[in-house]
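K.L.:
Attaching a single structure in structure tokens format; questions to follow.
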Amino acid sequence: MSSKKVKLLFYVGSYASESEPGIHLVELNAETEELRLLEGASTSGIQNPSFLVLNPEGTRLYAVSEQAQGAVVSYAVRPDGGLERLSSVPTQGADPCHLSLTADGGLLTANYSSGHVNRFALDEHGAAGELTALVQHVGQGFRQDRQEAAHAHSAVPSPTGDYVYVSDLGLDQVVYYRVENGKLSTEGEIKLPPGSGPRHFAFHPNGVYAYGINELNNTLTVYAYNPVQGHLQILQHVSTIPEGYGGENYPADVHLSPDGRYLYGSNRGHDSIVKFAVHPDTGMLEAPEWTGTGGKWPRNFAVLENYALVANQHSDNVVLFRRNPDTGSLEAAGRELEIKQPSCIEPVRS
């Protein structure tokens with residue numbers, strides 16, 4: 001086991017009004033396991049910064065403004081972790097809910113209610129600037145209450161950066177695009193069982209497998225990934241909830257452990273994190289284990305080597321868990337932080 005870094009930092013996004021602090025900087029002391037909000041590092045002036053992404057250098061933070069007239073806000077990160085706004089650009093759509101950075105210097109945005117994806121170029125200051133691509137999804141799915149139209153829920157670039165994978169909850173599809181000169185050209189789509197509602201998506205560190213979590217039918221899907229053609233092949237569907245659970249549940253987020261041995265998903269309603277072992281030869285999932293999140297409606301979470309943090313949106317708390325790197329199991333550390341409607345946790349990796 002590698003030695004623990006003493007101070008770990010996380011940005012937390014939330015559903016906040018423009019006048020309230022909406023982006024927070026949290027410090028975890030790995031020696032005492034204390035969580036604290038850093039003084040003066042909370043940021044207001046943005047409506048519903050519900051999803052965040054930090055660049056690899058830790059110098060720029062990007063946030064959606066999830067509202068009817070959506071926007072992406074770019075920030076410079078000060079040495080103390082505070083944020084200085086660089087730009088705000090409209091997404092030309094409604095309710096952007098996911099961001100990701102591309103290897104060619106772009107920023108992708110998935111707009112849930114309007115069903116489209118943007119690619120912005122980053123300017124010389126590292127801020128989202130020119131809109132270089134806008135792809136619109138159309139159609140409807142199996143469920144009239146949730147799939148009456150396309151709902152792009154995430155846009156995730158491939159490990160090589162050649163392709164982008166859009167999980168569309170409304171269409172029951174993962175649509176994939178080739179990235180060329182800042183443009184997105186359709187390559188194909190993978191159709192999921194009717195009423196699946198694909199939401200978030202993650203690649204295995206080995207670049208051979210990918211995993212999607214499906215909000216409407218409580219499943220995780222395992223894919224084989226062809227990095228040359230970009231194609232996905234469905235290998236397995238597994239339930240995110242225990243057999244016999246009959247309550248309402250909507251899976252949300254999915255992450256792999258840093259070593260790729262374990263996969264985790266969040267359950268809103270069952271209010272748990274499910275952990276699976278990843279078979280080293282096949283990539284398939286086995287031996288599920290559930291851990292309660294210590295709150296309600298775990299929308300998003302982060303997994304590090306020794307810890308996991310969970311954002312419980314409806315109980316206004318961020319909860320700390322110890323993670324055993326050998327077994328992948330989570331254990332409540334008895335530490336939490338009160339934050340209003342937390343919705344995203346973005347680790348500062350340094």
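Residues in the structure tokens are numbered from 1 in each chain, the chains being A, B, ... in the order shown, and ligands are numbered from 1 in the order shown.
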Using backbone DSSP assignments, extract all strand (DSSP E or B) residues from stretch 57-187 of chain A; output them as an NGL selection string.
P.N.:
:A and (60-65 or 71-77 or 83-90 or 96-101 or 106-111 or 116-122 or 128-136 or 152-157 or 163-168 or 173-180 or 183-187)
K.L.:
Quick one: residues within 6 Å of A:Gly70, only C-alpha atoms, excluding same-chain residues fewer than 3 positions away - as a PyMOL selection string?
P.N.:
chain A and resi 65-67+90-91+93-96
K.L.:
Between stretch 73-100 of chain A and stretch 31-55 of chain A, at 8 Å or less, what are the per-residue closest atom pairs and their distances in Å? Count only C-alpha atoms, order by chain and rising residue number, and return it as CSV.
P.N.:
residue,atom,partner,partner_atom,distance
A:Val73,CA,A:Ile46,CA,8.0
A:Asp80,CA,A:Ala41,CA,7.8
A:Gly81,CA,A:Ala41,CA,6.4
A:Gly82,CA,A:Ala41,CA,4.5
A:Leu83,CA,A:Thr43,CA,6.9
A:Cys97,CA,A:Phe51,CA,6.1
A:His98,CA,A:Phe51,CA,5.8
A:Leu99,CA,A:Val53,CA,6.3
A:Ser100,CA,A:Val53,CA,6.4
K.L.:
Excluding A:Ala311 and residues on its chain fewer than 3 positions from it, collect all residues at most 12 Å away from it, counting only C-alpha atoms, and give them as a PyMOL selection string.
P.N.:
chain A and resi 10-15+50-51+252-253+266-268+271-273+293-303+308+314-321+336-346
